[in-house]
Each structure stands twice: as C-alpha cells, then as structure tokens.
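Trainee: Structure provided below as structure tokens; questions to follow.
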Amino acid sequence: MMKSSIKKQSVSLVILVVGLILLNLLGNYVYKRFDLTQDKRFTLSEEAKEIIDPINSPVIVDVFLKGNFPPEFQRLQSETEQLLDEFSAYNSNIKFEFINPTEKGNEEFQSQFEKFGLTPAQVSVTENGKQSTELVYPWALAHHDGKSVKIGLLKNQLGATSEERVNSSLQNLQYAFADSFKKLASQKSKKIAVLKGNGEYDDRYIADFFSTLKDYYFIAPFTLDSVASYSEKTLKDLEGFDLIVAAQPTEAFSDSEKYVLDQYIMNGGKSLWLLDATQMRTDSISGITYALGTDLNLNDFFFKYGIRINPNLVKDVYSAPIVLANGDERESQYNRYPWFFSPLSSSANNHPIVSNIEAVKFDYASAIDTLPNNIKKTVLLSTSPISKIVGLPFPIDFDVEIPKNLQVVNEGPNPNEYNAGEIPLAVLLEGNFTSAFKNRVKPLKLTGELKGIDDGKPSKMVVISDGDIIKNQMQGNRPLELGFDKMTNQFYGNKEFLLNTVNYLLDDSGLINIRTRQIAVPFLDPQKTLEQRSKWQALNLLLPLGLLALFGIAFTFYRKRKYTR
C-alpha cells in the first residue's frame, strides 16, 4: 500500500515536471502579453508599432527617473518602466535602463544634462511628518546609431498641481517615446518651404521651431522674387514642396506672387499662414504706441477660400501677464500685471491638433471670421468667452491698460465690455478650394503642364491671426525654446500646437493619434490617506499574519484528524 502511494506521487511529479518543460518550450514559440487595464494604457497603438517596426539595431534608452520620490512620481516611474517593457517586448532592439543621476559614481551624466538642457524639477517629499525638497530629473535619453534625443517625461502645465502634471504626463508617455524613436529611426521624405522675401521673420526668431521640424522633414527657404520673370519655373519649384509656411510677412504680396501661391493650393499644396492684420507704430512726440491696420494684399485671397482676418485687436481676460519694471535704475522692481492683449487660448475642441496641449499664447491677435462656402472649417483656437474686440487705430498706453491700483486689479474688468464671446484666432480649412482668380484676369499666363486651374484638388490650410506664436525669444544670441517666456519663466503650448498642425497638414497623423489617447489615472485622496493611514497600515500588517495563522491552525487540525486514528 505504501509502495503504491509513493509510485503514484512519483508519477504525478514526473508529469508535472514534463508539463512545465513543455510549457516553457511552447512559450518560446507562442508569446502573448495581457493588458488588464481598463483603458489599455500599456497596449501599444498601431501607430507606435509602425514606428518601431523598422528598427533593426539597438536603441538604448537611459531613464533618469529613479530616486526618492513622492507617490505621484513613483507612479510615473513605474508606468514609464511598464511602457518601455512593452516597447522592448514588441521589438527586442529597444533596451532601457533606469539610472539615479544623484547617486555617487553617476557624475558623468551631469555633462549630458548640460549638453541636452535636461533641467531638474523640484518636488516636495513628506516622510515621517518631515517635509524636504528633492531634485527629480524627469528625462530620458535615447541613443541610436550615433544619434541621441532627449525625452521629456513631465509635461509643464500652468497652475497645475504635481498630481495633475503627472496625470497629464502619463497621457503623454507613449507619444513621448514613439516621437523619439521616430526621430532616431525614420527616414525623412516630405519637404517644407519657408517663404522669404515679403518681410517674414528673421531666421533667429523661428530657429527653435524649424530646428525641431528638421528631425522629421526637409526644410528649405523659398522666395517668390523670380515670379515676374520665371513664373512657371517658380511654380514648378514650389510644387516640389509638400507644405509652405508664411511666418509673419510684413510686406504686401504682388498679384503675381499671390497667383503662384493660389495655383500651388489648387494643385493640392498644403499651407500654414501666420499673419498679423495690425502693425505697431510709436508716436515720436507722445511716446504712445498705436496699433494700425496693415494690408498684405491677401484679403481677397482668403475671402475666396472662406475666411477673413479683420483689422482689429482682441482683448481677453484670460491672458498671459506682462512684466514691467517700476522704480529707477538699481531700485527697479519687476512686477507682473495682467495684459489682455496676450490671450491664452486653451481650446475645448477635441480635434487632434489641439487635444491635450497646454494653453497657446498670442500677442496682439485679430479676430477671424468664417464665411459660408463649400470648404470645411474648424476653429482650432479662440479666445475665452470673456473677451472684447477693439477697432483700429488703437493706442496701446501702458498707464491706461495696466491697472496699477490694487483695488482696481481686484475689481477686474467691466463684464459689460468683455462680452464678445469666443473669438476665432486659428482656423483649419479642408476641401476642394476654388481659385481666388476664378472669373478674373490672371496676372500671369501659365501654359503646358502648369496650365492654371480654377477648381482645386483636395487640400488643407491653417490660418492663424498672429505671427508671434511662432516667434521664440532670445537669450543674447541664443534662441530659447518656443513657448518659453523668460520674463515669467512660464511654458506655453505654442510649440506643441504648431508641431501638431504641421503633422496634420502633412497627413502625418500617427503621432497625433498617439497623443490624443486618453487614459484614466486614479490618484489617492491625500486628506483620506492622512486620516486613514494608521488603519490601513495595521490592516496590511495584521491581515496577512492572521490569514497565515488561520491556515496553520486549519492545516494542523486537518493533519490530526487524518493521521490520529
């Protein structure tokens, strides 16, 4: 009887061992990961898979999010690790390592931080009732074939708490890594022309944006000076580009230049227009700056396409502050004041271009009207409902516009004046455009392949009533990152918005689709956590011990009944 029992146990053990071996062998050929989260946050999107599919050599990712963090940053760390694990599981060439840059022996990373501009974030850590400040480096560096790109893991948000910033950052994680892998591994194919010759911004003021675009697309300047003499060659050269960008032109376009641009659009060319309908002039006697209208000879051009940029200014209560000096020389103090001419537009629109981006900062923007025609129009950005429109000419007097009296500041603006509602500032147009020169005498004669057409192919354009949103500030001779205001140390969403716009216009929607994924990240209520801390600590400590004790008693009782006979 005893021998039979031992034999049965041995057979069972052998079957178990053989089954485990077969299961492991099968696992080498059949592989499956399960994402049990409700929003599938760890499941790579099809767009992300398409980006990393071509990678056939190692990509090394150094993540510096390691150390003594508050709970919300620990969540960011753990979810970053799980997401990278998913990338690595899909493509084994992606390898990653978490590094604590503040540990001894990691001093060599400091030079990389300075080279790539990886600035630390200060966070408050509460431990045993004591609060301290820790430096966190929410960054990663990805390296591939001699190229390196930085990856920001923490999004900047105006007025957001640490938990809100981390929550927004978790939404952005898959996009941040997919974007970096695209920069490292993808081959550029599409071309962007930056229009020159009509008083557009100097290169140094648009350097940051276009240096970022160079990671994805070919960038080249393009002038229309030769239109009068070589119109067909100019149009043919222009049609070699997939997108044209007009960054704050200040000189009027001739009819010949306008016709070439019109025919480029008729043939399916995409365009991004950043235009000011106003210009600032300072009176030499009074010293007051006046906003005056300006004519770029494009009114009929855009009117035919279905929009109108009005020669006026918008004022918005929801706006960025201005920093001014008070006092004389060394005794000067810099103070912030509300500046209603700098609207902050944070659209509730769920369009991929504006979804999940920070507020975009405008300066001296004008109202855009949308006109009825067959073109689909989407308002991407607008003012807040508490706004107003002022006509031109309009004096910009700081002593009048900025309330220096504290009581006036607290009272706020007159609500009866700021009742214009949401005023469009950026509009997307999509469809088959009709030529602005249809049924008109053409300024140029195009023949052969480039014969002028009046009814266009499907195309897209975005028109923004302020050229300043593409302008980066300067620190000496060095351009700062677009969207950063050095006077207030605030980051705005200008760069994200324009990058999304270019991606959308060029039908490069993969990264935009990744960005717009929504995930739900629950956080603990800090008040409840503090109140119930002792209860949950005791429960976590005593419950496992109690269950273990009950199991021991039950098992002992079972053995006694079985063998005591």
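Labeling convention for the structure tokens: chains A, B, ... as they appear, residues from 1 per chain, ligands from 1 in order of appearance.
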Which residues are near segment 434-443 of chain A? Cut-off 7 Å, only C-alpha atoms, ignore same chain within fewer than 5 positions. Put them as a VMD selection string.
Mentor: chain A and resid 255 to 256 262 266 300 to 301 304 to 305 454 to 456
Trainee: Just want the 12 Å neighbourhood of Val390 of chain A, counted on only C-alpha atoms, with same-chain residues fewer than 5 positions away dropped. Output as a PyMOL selection string.
Mentor: chain A and resi 278+291-293+310-316+340-341+364-367+395-396+417-418+420
Trainee: Please list as a list in words every residue within 8 Å of Gly269 of chain A, counting only C-alpha atoms and excluding residues in the same chain fewer than 6 positions away.
Mentor: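 Non-adjacent residues within range: Glu239, Phe241, Asp242, Leu243, Ile244, Ser459 and Lys460 of chain A.
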Trainee: Could you name the residues that touch Ile206 of chain A at 12 Å or less, counting only C-alpha atoms, but leaving out those on the same chain fewer than 5 positions away, as number ranges by chain?
Mentor: A: 194, 200-201, 211-213, 245-248, 274, 467-474, 478-483, 495, 498
Trainee: As a compact mmCIF listing (two decimals) with all heavy atoms, in the first residue's frame, please: every residue in segment 375-496 of chain A that a backbone DSSP assignment puts in strand (DSSP E).
Mentor:
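Writing the result to states_39.txt gives the following:
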```txt
# COMPACT_ATOMS: atom_id res chain seq x y z
N LYS A 376 -14.78 72.96 -45.54
CA LYS A 376 -15.00 72.63 -44.13
C LYS A 376 -14.06 73.47 -43.26
O LYS A 376 -12.85 73.51 -43.50
CB LYS A 376 -14.73 71.14 -43.90
CG LYS A 376 -14.87 70.72 -42.44
CD LYS A 376 -14.48 69.26 -42.24
CE LYS A 376 -14.54 68.88 -40.77
NZ LYS A 376 -14.08 67.48 -40.55
N LYS A 377 -14.62 74.13 -42.25
CA LYS A 377 -13.82 75.00 -41.39
C LYS A 377 -13.92 74.52 -39.94
O LYS A 377 -15.02 74.27 -39.44
CB LYS A 377 -14.29 76.44 -41.51
CG LYS A 377 -14.26 76.96 -42.93
CD LYS A 377 -14.93 78.31 -43.05
CE LYS A 377 -15.17 78.65 -44.50
NZ LYS A 377 -16.23 77.80 -45.11
N THR A 378 -12.79 74.42 -39.29
CA THR A 378 -12.73 74.01 -37.88
C THR A 378 -11.98 75.07 -37.10
O THR A 378 -10.81 75.36 -37.41
CB THR A 378 -12.02 72.66 -37.72
OG1 THR A 378 -12.65 71.68 -38.54
CG2 THR A 378 -12.04 72.21 -36.27
N VAL A 379 -12.64 75.67 -36.11
CA VAL A 379 -11.96 76.65 -35.25
C VAL A 379 -11.10 75.87 -34.27
O VAL A 379 -11.61 75.16 -33.39
CB VAL A 379 -12.98 77.54 -34.52
CG1 VAL A 379 -12.25 78.48 -33.56
CG2 VAL A 379 -13.81 78.33 -35.52
N LEU A 380 -9.78 76.02 -34.41
CA LEU A 380 -8.85 75.29 -33.55
C LEU A 380 -8.63 76.00 -32.23
O LEU A 380 -8.63 75.37 -31.17
CB LEU A 380 -7.51 75.11 -34.27
CG LEU A 380 -7.55 74.30 -35.57
CD1 LEU A 380 -6.18 74.32 -36.25
CD2 LEU A 380 -7.99 72.86 -35.30
N LEU A 381 -8.45 77.32 -32.29
CA LEU A 381 -8.19 78.10 -31.08
C LEU A 381 -9.02 79.37 -31.13
O LEU A 381 -9.20 79.97 -32.20
CB LEU A 381 -6.70 78.47 -30.97
CG LEU A 381 -5.72 77.31 -30.76
CD1 LEU A 381 -4.29 77.81 -30.84
CD2 LEU A 381 -5.97 76.59 -29.45
N SER A 382 -9.49 79.77 -29.96
CA SER A 382 -10.27 81.00 -29.86
C SER A 382 -10.03 81.63 -28.50
O SER A 382 -9.39 81.04 -27.63
CB SER A 382 -11.76 80.70 -30.07
OG SER A 382 -12.21 79.76 -29.11
N SER A 387 -14.17 88.25 -23.49
CA SER A 387 -13.25 88.95 -24.38
C SER A 387 -13.98 90.09 -25.07
O SER A 387 -15.21 90.20 -25.02
CB SER A 387 -12.68 87.97 -25.41
OG SER A 387 -13.72 87.40 -26.18
N LYS A 388 -13.22 90.94 -25.76
CA LYS A 388 -13.79 92.06 -26.50
C LYS A 388 -12.94 92.34 -27.73
O LYS A 388 -11.78 91.91 -27.82
CB LYS A 388 -13.89 93.31 -25.62
CG LYS A 388 -12.54 93.90 -25.24
CD LYS A 388 -12.68 95.13 -24.36
CE LYS A 388 -13.25 96.31 -25.12
NZ LYS A 388 -13.20 97.57 -24.33
N ILE A 389 -13.52 93.07 -28.67
CA ILE A 389 -12.82 93.48 -29.89
C ILE A 389 -12.71 94.99 -29.90
O ILE A 389 -13.67 95.70 -29.61
CB ILE A 389 -13.58 93.00 -31.14
CG1 ILE A 389 -13.64 91.47 -31.19
CG2 ILE A 389 -12.93 93.53 -32.41
CD1 ILE A 389 -14.49 90.92 -32.32
N VAL A 390 -11.50 95.50 -30.20
CA VAL A 390 -11.30 96.94 -30.31
C VAL A 390 -10.90 97.28 -31.74
O VAL A 390 -10.15 96.54 -32.38
CB VAL A 390 -10.23 97.44 -29.31
CG1 VAL A 390 -10.68 97.20 -27.88
CG2 VAL A 390 -8.88 96.77 -29.55
N PHE A 394 -5.71 102.08 -32.55
CA PHE A 394 -5.96 101.95 -31.13
C PHE A 394 -4.66 102.25 -30.38
O PHE A 394 -3.61 101.66 -30.68
CB PHE A 394 -6.44 100.54 -30.78
CG PHE A 394 -6.88 100.38 -29.36
CD1 PHE A 394 -8.15 100.74 -28.97
CD2 PHE A 394 -6.01 99.88 -28.39
CE1 PHE A 394 -8.57 100.60 -27.66
CE2 PHE A 394 -6.42 99.73 -27.09
CZ PHE A 394 -7.70 100.09 -26.71
N PRO A 395 -4.71 103.17 -29.39
CA PRO A 395 -3.49 103.49 -28.64
C PRO A 395 -3.18 102.42 -27.59
O PRO A 395 -4.06 102.02 -26.82
CB PRO A 395 -3.83 104.83 -27.98
CG PRO A 395 -5.33 104.80 -27.84
CD PRO A 395 -5.85 104.01 -29.01
N ILE A 396 -1.95 101.95 -27.57
CA ILE A 396 -1.51 100.98 -26.56
C ILE A 396 -0.75 101.77 -25.49
O ILE A 396 0.47 101.99 -25.59
CB ILE A 396 -0.60 99.89 -27.16
CG1 ILE A 396 -1.25 99.28 -28.40
CG2 ILE A 396 -0.30 98.83 -26.12
CD1 ILE A 396 -2.51 98.50 -28.13
N PRO A 424 -12.65 83.45 -32.85
CA PRO A 424 -11.68 82.57 -33.51
C PRO A 424 -10.34 83.25 -33.75
O PRO A 424 -10.28 84.40 -34.21
CB PRO A 424 -12.37 82.22 -34.83
CG PRO A 424 -13.82 82.44 -34.58
CD PRO A 424 -13.89 83.60 -33.62
N LEU A 425 -9.26 82.52 -33.44
CA LEU A 425 -7.90 83.02 -33.67
C LEU A 425 -7.10 82.10 -34.59
O LEU A 425 -6.08 82.53 -35.15
CB LEU A 425 -7.15 83.17 -32.33
CG LEU A 425 -7.79 84.07 -31.28
CD1 LEU A 425 -6.95 84.07 -30.01
CD2 LEU A 425 -7.96 85.49 -31.81
N ALA A 426 -7.50 80.85 -34.71
CA ALA A 426 -6.81 79.90 -35.59
C ALA A 426 -7.87 78.98 -36.21
O ALA A 426 -8.66 78.38 -35.48
CB ALA A 426 -5.77 79.10 -34.83
N VAL A 427 -7.86 78.86 -37.54
CA VAL A 427 -8.90 78.11 -38.24
C VAL A 427 -8.25 77.14 -39.23
O VAL A 427 -7.31 77.50 -39.95
CB VAL A 427 -9.86 79.06 -38.99
CG1 VAL A 427 -10.93 78.26 -39.73
CG2 VAL A 427 -10.51 80.04 -38.03
N LEU A 428 -8.76 75.91 -39.23
CA LEU A 428 -8.35 74.89 -40.20
C LEU A 428 -9.37 74.85 -41.33
O LEU A 428 -10.57 74.80 -41.08
CB LEU A 428 -8.27 73.53 -39.51
CG LEU A 428 -8.19 72.29 -40.40
CD1 LEU A 428 -6.86 72.23 -41.16
CD2 LEU A 428 -8.38 71.01 -39.57
N LEU A 429 -8.89 74.85 -42.57
CA LEU A 429 -9.75 74.76 -43.74
C LEU A 429 -9.38 73.52 -44.53
O LEU A 429 -8.20 73.28 -44.81
CB LEU A 429 -9.61 76.00 -44.63
CG LEU A 429 -10.02 77.34 -44.02
CD1 LEU A 429 -8.82 78.03 -43.39
CD2 LEU A 429 -10.64 78.25 -45.07
N GLU A 430 -10.39 72.72 -44.90
CA GLU A 430 -10.16 71.48 -45.62
C GLU A 430 -11.19 71.35 -46.74
O GLU A 430 -12.37 71.63 -46.54
CB GLU A 430 -10.28 70.27 -44.69
CG GLU A 430 -9.32 70.29 -43.52
CD GLU A 430 -9.61 69.17 -42.53
OE1 GLU A 430 -10.51 69.35 -41.68
OE2 GLU A 430 -8.93 68.13 -42.60
N GLY A 431 -10.74 70.88 -47.90
CA GLY A 431 -11.67 70.64 -49.00
C GLY A 431 -11.06 70.99 -50.35
O GLY A 431 -9.86 71.15 -50.49
N ASN A 432 -11.93 71.11 -51.34
CA ASN A 432 -11.52 71.48 -52.70
C ASN A 432 -11.69 72.99 -52.85
O ASN A 432 -12.81 73.49 -52.99
CB ASN A 432 -12.37 70.75 -53.74
CG ASN A 432 -12.16 69.24 -53.69
OD1 ASN A 432 -12.66 68.56 -52.79
ND2 ASN A 432 -11.43 68.71 -54.64
N PHE A 433 -10.57 73.71 -52.82
CA PHE A 433 -10.61 75.17 -52.86
C PHE A 433 -10.90 75.66 -54.28
O PHE A 433 -10.53 75.02 -55.27
CB PHE A 433 -9.29 75.75 -52.38
CG PHE A 433 -9.02 75.53 -50.92
CD1 PHE A 433 -8.43 74.36 -50.47
CD2 PHE A 433 -9.39 76.49 -49.99
CE1 PHE A 433 -8.19 74.15 -49.12
CE2 PHE A 433 -9.15 76.29 -48.64
CZ PHE A 433 -8.56 75.11 -48.21
N THR A 434 -11.56 76.79 -54.35
CA THR A 434 -11.80 77.48 -55.62
C THR A 434 -10.79 78.61 -55.74
O THR A 434 -10.55 79.35 -54.78
CB THR A 434 -13.23 78.04 -55.69
OG1 THR A 434 -14.15 76.95 -55.56
CG2 THR A 434 -13.47 78.77 -56.98
N ASP A 455 -10.61 75.23 -60.24
CA ASP A 455 -11.20 74.36 -59.23
C ASP A 455 -10.13 73.38 -58.77
O ASP A 455 -9.62 72.57 -59.56
CB ASP A 455 -12.40 73.61 -59.80
CG ASP A 455 -13.50 74.57 -60.23
OD1 ASP A 455 -13.91 75.40 -59.39
OD2 ASP A 455 -13.93 74.50 -61.40
N GLY A 456 -9.81 73.48 -57.50
CA GLY A 456 -8.63 72.80 -56.98
C GLY A 456 -8.86 71.36 -56.56
O GLY A 456 -9.98 70.89 -56.39
N LYS A 457 -7.74 70.69 -56.35
CA LYS A 457 -7.72 69.34 -55.77
C LYS A 457 -7.89 69.45 -54.25
O LYS A 457 -7.73 70.52 -53.68
CB LYS A 457 -6.40 68.66 -56.12
CG LYS A 457 -6.12 68.57 -57.60
CD LYS A 457 -4.71 68.02 -57.84
CE LYS A 457 -4.37 68.02 -59.34
NZ LYS A 457 -2.98 67.56 -59.59
N PRO A 458 -8.21 68.34 -53.57
CA PRO A 458 -8.35 68.39 -52.11
C PRO A 458 -7.07 68.91 -51.45
O PRO A 458 -5.96 68.51 -51.81
CB PRO A 458 -8.62 66.94 -51.72
CG PRO A 458 -9.19 66.32 -52.95
CD PRO A 458 -8.51 67.00 -54.11
N SER A 459 -7.24 69.81 -50.50
CA SER A 459 -6.08 70.40 -49.83
C SER A 459 -6.48 70.85 -48.42
O SER A 459 -7.64 70.75 -48.02
CB SER A 459 -5.55 71.60 -50.64
OG SER A 459 -4.36 72.10 -50.07
N LYS A 460 -5.48 71.32 -47.68
CA LYS A 460 -5.71 71.79 -46.31
C LYS A 460 -4.87 73.05 -46.08
O LYS A 460 -3.79 73.20 -46.67
CB LYS A 460 -5.29 70.75 -45.27
CG LYS A 460 -5.90 69.38 -45.40
CD LYS A 460 -5.28 68.45 -44.37
CE LYS A 460 -5.71 67.01 -44.59
NZ LYS A 460 -5.02 66.09 -43.64
N MET A 461 -5.36 73.91 -45.22
CA MET A 461 -4.55 75.04 -44.76
C MET A 461 -5.00 75.43 -43.36
O MET A 461 -6.14 75.18 -42.96
CB MET A 461 -4.64 76.22 -45.72
CG MET A 461 -5.95 76.97 -45.69
SD MET A 461 -5.87 78.55 -46.59
CE MET A 461 -5.51 78.02 -48.24
N VAL A 462 -4.07 76.02 -42.62
CA VAL A 462 -4.39 76.57 -41.31
C VAL A 462 -4.00 78.05 -41.33
O VAL A 462 -2.89 78.40 -41.76
CB VAL A 462 -3.63 75.84 -40.18
CG1 VAL A 462 -3.77 76.59 -38.85
CG2 VAL A 462 -4.16 74.42 -40.03
N VAL A 463 -4.92 78.90 -40.90
CA VAL A 463 -4.68 80.35 -40.86
C VAL A 463 -4.75 80.80 -39.41
O VAL A 463 -5.74 80.51 -38.70
CB VAL A 463 -5.71 81.10 -41.73
CG1 VAL A 463 -5.45 82.60 -41.67
CG2 VAL A 463 -5.68 80.60 -43.16
N ILE A 464 -3.71 81.51 -38.97
CA ILE A 464 -3.61 81.98 -37.59
C ILE A 464 -3.45 83.49 -37.63
O ILE A 464 -2.60 84.01 -38.36
CB ILE A 464 -2.42 81.32 -36.86
CG1 ILE A 464 -2.56 79.80 -36.90
CG2 ILE A 464 -2.30 81.82 -35.42
CD1 ILE A 464 -1.31 79.05 -36.47
N MET A 474 14.88 85.38 -27.37
CA MET A 474 16.33 85.26 -27.48
C MET A 474 16.98 85.50 -26.12
O MET A 474 16.53 86.34 -25.34
CB MET A 474 16.88 86.25 -28.50
CG MET A 474 16.30 86.14 -29.90
SD MET A 474 16.78 84.63 -30.74
CE MET A 474 18.55 84.91 -30.91
N GLN A 475 18.03 84.74 -25.85
CA GLN A 475 18.88 84.97 -24.68
C GLN A 475 20.25 85.34 -25.22
O GLN A 475 21.06 84.47 -25.54
CB GLN A 475 18.97 83.71 -23.81
CG GLN A 475 19.68 83.92 -22.48
CD GLN A 475 18.80 84.63 -21.48
OE1 GLN A 475 17.65 84.26 -21.28
NE2 GLN A 475 19.33 85.66 -20.84
N ARG A 478 21.35 83.48 -28.45
CA ARG A 478 20.87 82.09 -28.43
C ARG A 478 19.35 82.07 -28.41
O ARG A 478 18.72 82.66 -27.54
CB ARG A 478 21.42 81.37 -27.19
CG ARG A 478 20.98 79.91 -27.08
CD ARG A 478 21.68 79.25 -25.90
NE ARG A 478 21.26 79.83 -24.64
CZ ARG A 478 20.22 79.41 -23.91
NH1 ARG A 478 19.48 78.41 -24.36
NH2 ARG A 478 19.92 79.99 -22.76
N PRO A 479 18.73 81.38 -29.38
CA PRO A 479 17.26 81.28 -29.35
C PRO A 479 16.80 80.36 -28.23
O PRO A 479 17.37 79.29 -28.01
CB PRO A 479 16.92 80.69 -30.73
CG PRO A 479 18.16 80.00 -31.18
CD PRO A 479 19.31 80.74 -30.57
N PHE A 484 8.55 79.36 -24.38
CA PHE A 484 9.09 79.74 -23.07
C PHE A 484 9.16 81.26 -22.98
O PHE A 484 9.69 81.93 -23.87
CB PHE A 484 10.47 79.14 -22.88
CG PHE A 484 11.14 79.56 -21.59
CD1 PHE A 484 10.65 79.11 -20.37
CD2 PHE A 484 12.23 80.41 -21.59
CE1 PHE A 484 11.24 79.49 -19.18
CE2 PHE A 484 12.84 80.80 -20.42
CZ PHE A 484 12.34 80.34 -19.19
N ASP A 485 8.62 81.81 -21.90
CA ASP A 485 8.67 83.24 -21.63
C ASP A 485 9.71 83.47 -20.54
O ASP A 485 9.50 83.10 -19.39
CB ASP A 485 7.30 83.75 -21.19
CG ASP A 485 7.26 85.26 -20.97
OD1 ASP A 485 8.32 85.90 -21.11
OD2 ASP A 485 6.19 85.79 -20.65
N GLN A 490 7.52 80.90 -17.66
CA GLN A 490 6.37 80.05 -17.95
C GLN A 490 6.54 79.40 -19.32
O GLN A 490 7.11 80.00 -20.24
CB GLN A 490 5.07 80.86 -17.94
CG GLN A 490 4.73 81.48 -16.60
CD GLN A 490 4.13 80.47 -15.63
OE1 GLN A 490 4.09 79.28 -15.93
NE2 GLN A 490 3.67 80.92 -14.49
N PHE A 491 6.04 78.17 -19.44
CA PHE A 491 6.00 77.48 -20.72
C PHE A 491 4.56 77.49 -21.25
O PHE A 491 3.62 77.21 -20.49
CB PHE A 491 6.47 76.04 -20.58
CG PHE A 491 7.94 75.85 -20.78
CD1 PHE A 491 8.79 75.76 -19.70
CD2 PHE A 491 8.48 75.77 -22.06
CE1 PHE A 491 10.15 75.60 -19.87
CE2 PHE A 491 9.83 75.60 -22.26
CZ PHE A 491 10.68 75.51 -21.16
```
Trainee: Neighbouring residues of Phe113 of chain A were defined as those with any atom within 10 Å, considering only C-alpha atoms; residues of the same chain fewer than 5 positions away were excluded. Please report them as a list in words.
Mentor: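 Result of the neighbour search: Pro101, Glu108, Leu118, Thr119, Pro120, Tyr137, Trp139, Leu141 and Lys150 of chain A.
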Trainee: What separation in Å, quoted to one decimal, exists between atom CA of Val227 of chain A and atom CA of Leu261 of chain A?
Mentor: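 These two atoms are separated by 10.4 Å.
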Trainee: As a PyMOL selection string, please: all residues of segment 166-252 of chain A that backbone DSSP puts in helix (DSSP H, G or I).
Mentor: chain A and resi 166-185+203-205+207-213+231-238
Trainee: What is the atom CA of Ala89 of chain A-atom CA of Asn68 of chain A distance in Å, reported with one decimal?
Mentor: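 If I compute the distance from atom CA of Ala89 of chain A to atom CA of Asn68 of chain A, I get 27.8 Å.
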Trainee: Identify, on the basis of only C-alpha atoms, every residue whose closest approach to segment 44-55 of chain A does not exceed 7 Å; exclude the query and any residue fewer than 4 positions from it along the same chain; express the result as a list in words.
Mentor: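 Skipping anything fewer than 4 positions along the chain leaves Ala178, Phe181, Lys182, Ala185, Gly510 and Ile514 of chain A.
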